[in-house]
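*Asks:* Next comes query07.txt, compact mmCIF, C-alpha atoms and all ligand atoms:
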# COMPACT_ATOMS: atom_id res chain seq x y z
CA MET A 1 -81.95 18.71 -11.84
CA GLN A 2 -79.95 20.58 -14.47
CA MET A 3 -81.03 19.78 -18.02
CA ILE A 4 -78.96 19.67 -21.22
CA LYS A 5 -80.41 20.41 -24.66
CA LEU A 6 -79.40 17.99 -27.42
CA ASN A 7 -78.90 18.86 -31.10
CA ASN A 8 -82.45 17.69 -31.97
CA GLY A 9 -84.07 19.87 -29.28
CA VAL A 10 -84.69 17.04 -26.78
CA THR A 11 -83.55 17.86 -23.23
CA MET A 12 -81.92 15.34 -20.90
CA PRO A 13 -80.98 15.42 -17.20
CA GLN A 14 -77.28 16.16 -16.70
CA LEU A 15 -76.83 13.56 -13.98
CA GLY A 16 -78.04 9.99 -14.31
CA TYR A 17 -77.98 6.53 -12.81
CA GLY A 18 -76.40 3.51 -14.53
CA VAL A 19 -77.11 -0.17 -13.93
CA TYR A 20 -74.00 -1.80 -15.46
CA GLN A 21 -72.83 -4.77 -13.37
CA ILE A 22 -75.93 -4.76 -11.16
CA PRO A 23 -77.16 -8.39 -11.01
CA PRO A 24 -80.65 -8.75 -12.50
CA GLU A 25 -82.13 -9.82 -9.15
CA GLU A 26 -80.99 -6.53 -7.56
CA THR A 27 -81.74 -4.20 -10.46
CA ALA A 28 -85.47 -3.47 -10.02
CA GLN A 29 -84.94 -2.45 -6.39
CA ALA A 30 -81.86 -0.36 -7.26
CA VAL A 31 -83.67 1.49 -10.06
CA TYR A 32 -86.67 2.11 -7.81
CA GLU A 33 -84.38 3.47 -5.05
CA ALA A 34 -82.54 5.66 -7.57
CA ILE A 35 -85.78 7.21 -8.80
CA LYS A 36 -86.82 7.71 -5.17
CA ALA A 37 -83.49 9.47 -4.55
CA GLY A 38 -84.24 11.89 -7.40
CA TYR A 39 -82.55 10.37 -10.49
CA ARG A 40 -84.58 10.77 -13.68
CA LEU A 41 -82.01 9.54 -16.23
CA ILE A 42 -81.61 5.75 -16.09
CA ASP A 43 -79.01 4.00 -18.28
CA THR A 44 -79.07 0.31 -19.22
CA ALA A 45 -78.08 -1.79 -22.26
CA ALA A 46 -79.15 -5.03 -23.91
CA ILE A 47 -75.78 -6.60 -23.05
CA TYR A 48 -76.13 -5.77 -19.31
CA GLY A 49 -78.79 -8.50 -19.04
CA ASN A 50 -81.00 -6.35 -16.80
CA GLU A 51 -83.24 -4.40 -19.19
CA LYS A 52 -86.30 -6.30 -17.96
CA GLU A 53 -85.56 -5.60 -14.30
CA THR A 54 -84.75 -1.95 -15.08
CA GLY A 55 -88.24 -1.76 -16.60
CA LEU A 56 -89.74 -3.36 -13.48
CA GLY A 57 -88.08 -0.77 -11.21
CA ILE A 58 -89.42 2.00 -13.44
CA LYS A 59 -92.89 0.45 -13.44
CA ARG A 60 -92.97 0.33 -9.65
CA ALA A 61 -91.97 4.00 -9.39
CA LEU A 62 -94.63 4.94 -11.96
CA ASP A 63 -97.31 2.78 -10.28
CA GLU A 64 -96.57 4.39 -6.91
CA GLY A 65 -96.81 7.86 -8.45
CA LEU A 66 -93.20 8.83 -7.61
CA VAL A 67 -92.77 10.19 -11.14
CA THR A 68 -94.53 10.39 -14.49
CA ARG A 69 -93.11 8.72 -17.57
CA ALA A 70 -92.52 12.17 -19.12
CA GLU A 71 -90.23 13.09 -16.21
CA LEU A 72 -88.01 10.07 -16.80
CA PHE A 73 -85.25 9.77 -19.38
CA ILE A 74 -84.56 6.12 -20.17
CA THR A 75 -81.56 4.93 -22.20
CA SER A 76 -80.65 1.55 -23.66
CA LYS A 77 -78.08 0.36 -26.20
CA LEU A 78 -77.61 -2.32 -28.84
CA PHE A 79 -74.53 -4.52 -28.93
CA ILE A 80 -72.26 -5.61 -31.77
CA LEU A 81 -74.14 -8.49 -33.40
CA GLN A 82 -77.33 -6.44 -33.20
CA THR A 83 -76.03 -3.75 -35.56
CA PRO A 84 -77.23 -4.98 -39.00
CA GLU A 85 -80.24 -2.85 -39.97
CA LYS A 86 -82.96 -5.50 -39.73
CA LYS A 87 -81.55 -6.94 -36.53
CA ALA A 88 -81.21 -3.46 -35.02
CA ALA A 89 -84.87 -2.70 -35.76
CA GLN A 90 -85.86 -5.95 -34.03
CA THR A 91 -83.55 -5.23 -31.09
CA ILE A 92 -85.12 -1.80 -30.52
CA ASP A 93 -88.60 -3.34 -30.53
CA ASN A 94 -87.41 -6.08 -28.21
CA SER A 95 -85.89 -3.59 -25.72
CA LEU A 96 -89.19 -1.69 -25.64
CA LYS A 97 -91.14 -4.90 -25.10
CA VAL A 98 -88.81 -6.29 -22.44
CA MET A 99 -88.75 -2.98 -20.55
CA GLY A 100 -92.52 -2.49 -20.86
CA LEU A 101 -92.11 0.94 -22.47
CA ASP A 102 -93.72 2.67 -25.48
CA TYR A 103 -90.59 4.67 -26.23
CA LEU A 104 -87.00 5.17 -25.08
CA ASP A 105 -85.60 8.65 -24.53
CA LEU A 106 -82.14 7.74 -25.81
CA TYR A 107 -80.81 4.75 -27.71
CA LEU A 108 -77.11 4.17 -28.42
CA ILE A 109 -74.87 2.03 -30.60
CA HIS A 110 -72.95 0.52 -27.67
CA GLN A 111 -69.61 -0.17 -29.35
CA PRO A 112 -67.88 1.23 -32.46
CA TYR A 113 -67.84 -2.16 -34.21
CA GLY A 114 -70.05 -4.06 -36.63
CA ASP A 115 -72.58 -2.62 -39.08
CA ILE A 116 -72.84 0.76 -37.37
CA TYR A 117 -74.29 2.40 -40.51
CA GLY A 118 -77.02 -0.24 -40.75
CA ALA A 119 -77.85 0.22 -37.07
CA TRP A 120 -78.00 3.96 -37.58
CA ARG A 121 -80.53 3.64 -40.42
CA ALA A 122 -82.74 1.49 -38.18
CA MET A 123 -82.38 3.96 -35.33
CA ILE A 124 -83.32 6.92 -37.54
CA ALA A 125 -86.42 5.03 -38.72
CA ALA A 126 -87.35 4.21 -35.09
CA GLN A 127 -86.83 7.82 -34.14
CA LYS A 128 -89.14 8.95 -36.96
CA ALA A 129 -91.70 6.37 -35.76
CA GLY A 130 -91.65 7.88 -32.26
CA LYS A 131 -89.98 4.88 -30.60
CA LEU A 132 -86.75 6.74 -29.77
CA ARG A 133 -86.63 10.42 -28.79
CA ALA A 134 -82.87 10.77 -29.18
CA ILE A 135 -80.21 8.54 -30.76
CA GLY A 136 -76.48 8.35 -30.35
CA ILE A 137 -73.28 6.37 -30.14
CA SER A 138 -70.96 5.11 -27.43
CA ASN A 139 -67.23 4.49 -27.20
CA PHE A 140 -66.55 6.25 -30.50
CA LYS A 141 -63.23 8.11 -30.33
CA ALA A 142 -63.32 11.69 -31.62
CA ALA A 143 -61.93 10.73 -35.06
CA LYS A 144 -64.56 8.01 -35.55
CA MET A 145 -67.31 10.34 -34.26
CA ILE A 146 -66.27 12.96 -36.84
CA GLU A 147 -66.38 10.39 -39.66
CA PHE A 148 -69.77 9.06 -38.52
CA ALA A 149 -71.33 12.50 -37.97
CA SER A 150 -70.05 13.69 -41.35
CA LEU A 151 -71.22 10.69 -43.40
CA ASN A 152 -74.74 10.57 -41.96
CA ASP A 153 -77.54 13.08 -42.53
CA VAL A 154 -78.60 12.69 -38.89
CA LYS A 155 -75.75 13.45 -36.49
CA PRO A 156 -75.60 11.51 -33.22
CA GLN A 157 -77.20 13.44 -30.40
CA VAL A 158 -74.92 11.89 -27.75
CA ASN A 159 -71.62 10.01 -27.50
CA GLN A 160 -71.30 8.05 -24.24
CA ILE A 161 -67.59 7.69 -23.48
CA GLU A 162 -65.30 7.12 -20.52
CA VAL A 163 -64.57 10.42 -18.74
CA ASN A 164 -63.10 10.64 -15.23
CA PRO A 165 -60.25 12.46 -13.47
CA TRP A 166 -57.69 10.00 -14.87
CA ASN A 167 -59.00 10.23 -18.45
CA GLN A 168 -60.41 13.73 -18.81
CA ARG A 169 -60.93 13.84 -22.62
CA LEU A 170 -60.46 17.62 -22.82
CA GLU A 171 -59.54 17.75 -26.50
CA ASP A 172 -62.17 15.12 -27.34
CA GLN A 173 -64.82 17.26 -25.69
CA GLN A 174 -63.88 20.21 -27.92
CA TRP A 175 -64.30 18.05 -31.02
CA HIS A 176 -67.72 16.89 -29.81
CA GLU A 177 -68.77 20.49 -29.16
CA LYS A 178 -67.69 21.41 -32.70
CA TYR A 179 -69.97 18.68 -34.12
CA GLY A 180 -72.86 19.36 -31.71
CA VAL A 181 -72.60 15.89 -30.13
CA GLN A 182 -73.21 15.85 -26.37
CA VAL A 183 -70.57 14.01 -24.31
CA GLU A 184 -71.99 11.64 -21.69
CA ALA A 185 -69.50 10.23 -19.16
CA TRP A 186 -69.44 6.57 -18.22
CA ALA A 187 -67.42 5.42 -15.20
CA PRO A 188 -67.09 8.97 -13.80
CA PHE A 189 -65.41 7.39 -10.74
CA ALA A 190 -63.29 5.11 -12.95
CA GLU A 191 -65.02 2.38 -10.90
CA GLY A 192 -62.65 3.42 -8.09
CA ARG A 193 -59.48 2.59 -10.05
CA HIS A 194 -56.19 4.28 -9.05
CA ASP A 195 -57.73 4.67 -5.56
CA LEU A 196 -60.03 7.43 -6.75
CA PHE A 197 -62.19 7.54 -3.63
CA THR A 198 -59.16 8.18 -1.37
CA ASN A 199 -57.28 10.51 -3.70
CA GLU A 200 -55.74 13.29 -1.60
CA VAL A 201 -56.21 16.11 -4.09
CA LEU A 202 -59.90 15.34 -4.60
CA ALA A 203 -60.47 14.73 -0.86
CA GLU A 204 -58.85 18.05 0.06
CA ILE A 205 -61.02 19.93 -2.42
CA GLY A 206 -64.10 18.17 -1.03
CA GLN A 207 -63.25 19.10 2.57
CA LYS A 208 -63.55 22.81 1.74
CA TYR A 209 -67.19 22.33 0.77
CA ASN A 210 -68.00 19.47 3.14
CA LYS A 211 -68.37 17.17 0.13
CA SER A 212 -67.03 13.69 -0.66
CA VAL A 213 -64.60 12.74 -3.44
CA GLY A 214 -67.50 11.30 -5.44
CA GLN A 215 -69.41 14.56 -5.18
CA VAL A 216 -66.36 16.59 -6.27
CA VAL A 217 -65.91 14.39 -9.35
CA LEU A 218 -69.57 14.63 -10.40
CA ARG A 219 -69.62 18.39 -9.75
CA TRP A 220 -66.51 18.78 -11.93
CA LEU A 221 -68.33 17.00 -14.79
CA MET A 222 -71.44 19.19 -14.30
CA GLN A 223 -69.28 22.34 -14.54
CA ARG A 224 -67.69 21.00 -17.75
CA GLY A 225 -71.16 20.64 -19.32
CA ILE A 226 -70.86 16.84 -19.49
CA VAL A 227 -73.74 14.46 -18.74
CA ALA A 228 -72.60 11.95 -16.09
CA LEU A 229 -73.80 8.48 -15.11
CA ALA A 230 -73.06 7.34 -11.57
CA LYS A 231 -73.71 3.82 -10.33
CA SER A 232 -74.19 2.63 -6.79
CA VAL A 233 -76.34 -0.12 -5.33
CA HIS A 234 -76.40 1.66 -1.95
CA PRO A 235 -79.28 4.12 -1.40
CA GLU A 236 -77.13 6.35 0.86
CA ARG A 237 -74.51 6.67 -1.90
CA MET A 238 -77.22 7.31 -4.51
CA LYS A 239 -78.36 10.25 -2.36
CA GLU A 240 -74.79 11.43 -1.81
CA ASN A 241 -74.01 11.33 -5.54
CA ILE A 242 -77.01 13.45 -6.50
CA ASP A 243 -76.41 16.05 -3.77
CA ILE A 244 -74.05 18.15 -5.89
CA PHE A 245 -76.10 21.14 -6.96
CA ASP A 246 -75.45 23.35 -3.91
CA PHE A 247 -71.75 24.12 -4.35
CA GLU A 248 -69.37 25.32 -7.03
CA LEU A 249 -65.76 24.32 -7.63
CA SER A 250 -63.42 27.32 -7.98
CA ALA A 251 -61.04 27.95 -10.87
CA ALA A 252 -58.18 26.89 -8.56
CA ASP A 253 -59.96 23.59 -7.78
CA LEU A 254 -60.47 22.95 -11.49
CA GLU A 255 -56.77 23.58 -12.14
CA LYS A 256 -55.80 21.03 -9.48
CA ILE A 257 -58.16 18.45 -10.99
CA ALA A 258 -56.80 19.14 -14.49
CA LYS A 259 -53.35 18.07 -13.26
CA LEU A 260 -54.66 14.57 -12.41
CA ASP A 261 -55.25 13.75 -16.09
CA MET A 262 -53.27 10.67 -17.21
CA GLU A 263 -54.72 11.07 -20.73
CA GLU A 264 -55.39 7.38 -21.09
CA SER A 265 -58.22 5.02 -20.29
CA ALA A 266 -58.42 3.59 -16.78
CA PHE A 267 -59.81 0.47 -18.52
CA PHE A 268 -58.69 -0.23 -22.09
CA ASP A 269 -58.19 1.23 -25.55
CA HIS A 270 -61.07 0.45 -27.94
CA ASP A 271 -58.60 0.35 -30.88
CA ALA A 272 -56.03 -2.01 -29.34
CA PRO A 273 -55.96 -5.28 -31.35
CA LYS A 274 -56.04 -7.39 -28.17
CA GLN A 275 -59.08 -5.48 -26.97
CA VAL A 276 -60.90 -5.68 -30.28
CA GLU A 277 -60.20 -9.41 -30.32
CA TRP A 278 -61.64 -9.68 -26.80
CA PHE A 279 -64.78 -7.86 -27.93
CA MET A 280 -65.16 -10.10 -30.97
CA LYS A 281 -64.83 -13.23 -28.80
CA ARG A 282 -67.19 -11.86 -26.17
CA MET A 283 -69.63 -10.93 -28.90
CA LEU A 284 -69.62 -14.44 -30.30
CA ASP A 285 -69.86 -16.01 -26.85
CA THR A 286 -72.58 -13.86 -25.35
CA GLU A 287 -74.65 -12.47 -28.18
CA LYS A 288 -75.39 -15.53 -30.27
N1 LIG A 301 -71.19 2.71 -22.70
C1 LIG A 301 -70.34 1.94 -22.06
O1 LIG A 301 -69.53 1.19 -22.66
C2 LIG A 301 -70.32 1.95 -20.56
C3 LIG A 301 -69.25 1.35 -19.85
C4 LIG A 301 -69.27 1.39 -18.47
C5 LIG A 301 -70.32 2.02 -17.80
N2 LIG A 301 -71.37 2.58 -18.51
C6 LIG A 301 -72.49 3.26 -17.83
O2 LIG A 301 -71.99 4.19 -16.89
C7 LIG A 301 -72.46 3.86 -15.59
C8 LIG A 301 -71.44 4.24 -14.52
O3 LIG A 301 -70.21 3.57 -14.75
P1 LIG A 301 -69.68 2.36 -13.87
O4 LIG A 301 -70.83 1.74 -13.17
O5 LIG A 301 -68.87 1.48 -14.74
O6 LIG A 301 -68.66 3.01 -12.85
P2 LIG A 301 -68.62 4.25 -11.83
O7 LIG A 301 -69.95 4.90 -11.74
O8 LIG A 301 -67.41 5.04 -12.15
O9 LIG A 301 -68.29 3.51 -10.46
C9 LIG A 301 -69.16 2.66 -9.81
C10 LIG A 301 -68.45 2.14 -8.55
O10 LIG A 301 -68.25 3.20 -7.61
C11 LIG A 301 -68.83 2.85 -6.35
N3 LIG A 301 -69.42 4.08 -5.81
C12 LIG A 301 -70.43 4.79 -6.33
N4 LIG A 301 -70.67 5.89 -5.60
C13 LIG A 301 -69.79 5.87 -4.57
C14 LIG A 301 -69.55 6.74 -3.49
N5 LIG A 301 -70.26 7.86 -3.33
N6 LIG A 301 -68.55 6.41 -2.62
C15 LIG A 301 -67.82 5.28 -2.78
N7 LIG A 301 -68.01 4.42 -3.80
C16 LIG A 301 -68.98 4.71 -4.69
C17 LIG A 301 -69.86 1.79 -6.66
O11 LIG A 301 -69.99 0.89 -5.58
P3 LIG A 301 -71.42 0.46 -4.96
O12 LIG A 301 -72.36 0.13 -6.09
O13 LIG A 301 -71.07 -0.73 -4.12
O14 LIG A 301 -71.89 1.63 -4.16
C18 LIG A 301 -69.23 1.07 -7.87
O15 LIG A 301 -68.30 0.11 -7.42
C19 LIG A 301 -72.75 2.36 -15.68
O16 LIG A 301 -73.57 1.87 -14.65
C20 LIG A 301 -73.36 2.27 -17.06
O17 LIG A 301 -74.71 2.68 -17.05
C21 LIG A 301 -71.36 2.55 -19.88
With the file now loaded, output its structure as structure tokens.

*Replies:*
Amino acid sequence: MQMIKLNNGVTMPQLGYGVYQIPPEETAQAVYEAIKAGYRLIDTAAIYGNEKETGLGIKRALDEGLVTRAELFITSKLFILQTPEKKAAQTIDNSLKVMGLDYLDLYLIHQPYGDIYGAWRAMIAAQKAGKLRAIGISNFKAAKMIEFASLNDVKPQVNQIEVNPWNQRLEDQQWHEKYGVQVEAWAPFAEGRHDLFTNEVLAEIGQKYNKSVGQVVLRWLMQRGIVALAKSVHPERMKENIDIFDFELSAADLEKIAKLDMEESAFFDHDAPKQVEWFMKRMLDTEK
């Protein structure tokens, strides 16, 4: 597995496995299968409702000797109402307890709303206490990332944002490189939106290397130096998605992929009033 060095010296695997939208009752098995398939980076979040089961899948893999804890890189995130400093500190401790872990490798502020500065202070303290090896943000646009990185003594190590062929974030990536913040891609397949898995351009590129569309997309992110999270509940797809380190996309392939960029989210804009309102309602409904 290719590793990426973060701005605090911690290294993380460049390809990972995410458990968003996996029902709790399927999560432990999925995480166990993912580790068996070779994934070492596992990504969950308090709001996903499957932290406990993610921990159980990890425990099974550890108990069976598939991996050591040091080989794994486990991420979780706190949601909007959990951002005030005291609450954030409790949420970190709770995630550790629920997942049955002594430390997390990466912890993120999940959304760019709420008391993000309070959360950051709690996360820095937890990092100093050895509970979190790396800390970061998620869904911060480049402008907000710049403000946050500039006004804090500790810069985020990672920003987890949507990156896929429809929303390539080329300029955003340059800004993150300037500030030493590693870009981590969520929804690398755009969850299949705009018929990603049958896209002709991506399929044609894949045929040359005997690779699938999914493999082409993940390889493209690897070559851009972006950390990517892929999700599948199917073991055969987990294996397919990690089998991307034996081929290289050419400059011509990369040019063709660059032309697919629609320069907008395949999901939603985090600054759109309607969307922010949705988040605030969801926050009040689900987090209380
Ligand atoms: N920070 C955030 O706000 C945020 C937001 C979204 C996601 N994330 C993280 O990023 C991870 C990945 O994003 P995502 O789960 O939203 O979307 P994604 O990885 O872009 O897409 C997942 C979808 O693609 C399908 N799929 C996966 N591999 C495939 C293959 N080789 N061929 C055909 N279909 C395939 C999966 O179906 P099956 O499962 O049925 O195989 C699933 O429906 C999440 O799990 C989560 O950890 C973070």

*Asks:* Please check which protein, DNA or RNA residues sit within 8 Å of ligand LIG 301 (chain A), counting all atoms listed in the file, and write them as an mmCIF file with C-alpha atoms, in the frame of the given file.

*Replies:*
data_model
loop_
_atom_site.group_PDB
_atom_site.id
_atom_site.type_symbol
_atom_site.label_atom_id
_atom_site.label_comp_id
_atom_site.auth_asym_id
_atom_site.auth_seq_id
_atom_site.Cartn_x
_atom_site.Cartn_y
_atom_site.Cartn_z
ATOM 1 C CA TYR A 17 -77.980 6.530 -12.810
ATOM 2 C CA GLY A 18 -76.400 3.510 -14.530
ATOM 3 C CA VAL A 19 -77.110 -0.170 -13.930
ATOM 4 C CA TYR A 20 -74.000 -1.800 -15.460
ATOM 5 C CA GLN A 21 -72.830 -4.770 -13.370
ATOM 6 C CA ILE A 22 -75.930 -4.760 -11.160
ATOM 7 C CA ILE A 42 -81.610 5.750 -16.090
ATOM 8 C CA ASP A 43 -79.010 4.000 -18.280
ATOM 9 C CA THR A 44 -79.070 0.310 -19.220
ATOM 10 C CA ALA A 45 -78.080 -1.790 -22.260
ATOM 11 C CA HIS A 110 -72.950 0.520 -27.670
ATOM 12 C CA GLN A 111 -69.610 -0.170 -29.350
ATOM 13 C CA SER A 138 -70.960 5.110 -27.430
ATOM 14 C CA ASN A 139 -67.230 4.490 -27.200
ATOM 15 C CA GLN A 160 -71.300 8.050 -24.240
ATOM 16 C CA ILE A 161 -67.590 7.690 -23.480
ATOM 17 C CA GLU A 162 -65.300 7.120 -20.520
ATOM 18 C CA ASN A 164 -63.100 10.640 -15.230
ATOM 19 C CA ALA A 185 -69.500 10.230 -19.160
ATOM 20 C CA TRP A 186 -69.440 6.570 -18.220
ATOM 21 C CA ALA A 187 -67.420 5.420 -15.200
ATOM 22 C CA PRO A 188 -67.090 8.970 -13.800
ATOM 23 C CA PHE A 189 -65.410 7.390 -10.740
ATOM 24 C CA ALA A 190 -63.290 5.110 -12.950
ATOM 25 C CA GLU A 191 -65.020 2.380 -10.900
ATOM 26 C CA GLY A 192 -62.650 3.420 -8.090
ATOM 27 C CA PHE A 197 -62.190 7.540 -3.630
ATOM 28 C CA SER A 212 -67.030 13.690 -0.660
ATOM 29 C CA VAL A 213 -64.600 12.740 -3.440
ATOM 30 C CA GLY A 214 -67.500 11.300 -5.440
ATOM 31 C CA GLN A 215 -69.410 14.560 -5.180
ATOM 32 C CA ALA A 228 -72.600 11.950 -16.090
ATOM 33 C CA LEU A 229 -73.800 8.480 -15.110
ATOM 34 C CA ALA A 230 -73.060 7.340 -11.570
ATOM 35 C CA LYS A 231 -73.710 3.820 -10.330
ATOM 36 C CA SER A 232 -74.190 2.630 -6.790
ATOM 37 C CA VAL A 233 -76.340 -0.120 -5.330
ATOM 38 C CA HIS A 234 -76.400 1.660 -1.950
ATOM 39 C CA ARG A 237 -74.510 6.670 -1.900
ATOM 40 C CA MET A 238 -77.220 7.310 -4.510
ATOM 41 C CA GLU A 240 -74.790 11.430 -1.810
ATOM 42 C CA ASN A 241 -74.010 11.330 -5.540
#

*Asks:* In Å, rounded to a single decimal, give me how far CA of Ile74 (chain A) is from CA of Lys239 (chain A).

*Replies:* 19.3 Å

*Asks:* Can you pull out the residues contacting region 205-209 of chain A? Cut-off 10 Å, using only C-alpha atoms, and skip same-chain residues under 5 positions away; I want them as a list of chain:residue names.

*Replies:*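 Selected residues are A:Glu200, A:Gly214, A:Gln215, A:Val216, A:Val217, A:Asp246, A:Phe247, A:Glu248, A:Leu249, A:Ser250, A:Ala252, A:Asp253, A:Leu254, A:Lys256, A:Ile257.
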
*Asks:* If we count only C-alpha atoms and set the cut-off at 12 Å, which residues sit around Gly9 (chain A), ignoring sequence neighbours fewer than 4 positions away in its own chain? Please answer as a list in words.

*Replies:*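 That gives Met3, Ile4, Lys5, Arg133, Ala134, Gln157, Gly180 and Gln182 of chain A.
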
*Asks:* Between A:Trp166, A:Arg69, A:Asp261, A:Gln275, which residue has the minimum interatomic distance to Arg193 (chain A), considering all atoms listed in the file?

*Replies:* A:Trp166

*Asks:* Contacts of Ala28 (chain A) at 8 Å or less, counting all atoms listed in the file, minus same-chain residues fewer than 5 places along, as a VMD selection string?

*Replies:* chain A and resid 53 to 58

*Asks:* With 3 Å on each side, where is the centre of the axis-aligned box around all listed atoms of region 198-210 of chain A, and how long are its edges in Å to one decimal, as AutoDock Vina command-line options?

*Replies:*
--center_x -61.9 --center_y 15.5 --center_z -0.7 --size_x 18.3 --size_y 20.6 --size_z 13.7

*Asks:* Could you check which residues have any atom within 9 Å of (-75.6, -11.2, -33.6), counting all atoms listed in the file with coordinates taken straight from the file, and then list them as a VMD selection string?

*Replies:* chain A and resid 79 to 84 87 283 to 284 287 to 288

*Asks:* For a test of reading the model, state the distance in Å between CA of Leu108 (chain A) and CA of Gln127 (chain A), rounded to one decimal.

*Replies:*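 These two atoms are separated by 11.9 Å.
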
*Asks:* Do you have the CA of Tyr32 (chain A)-CA of Met99 (chain A) distance handy?

*Replies:* 13.9 Å
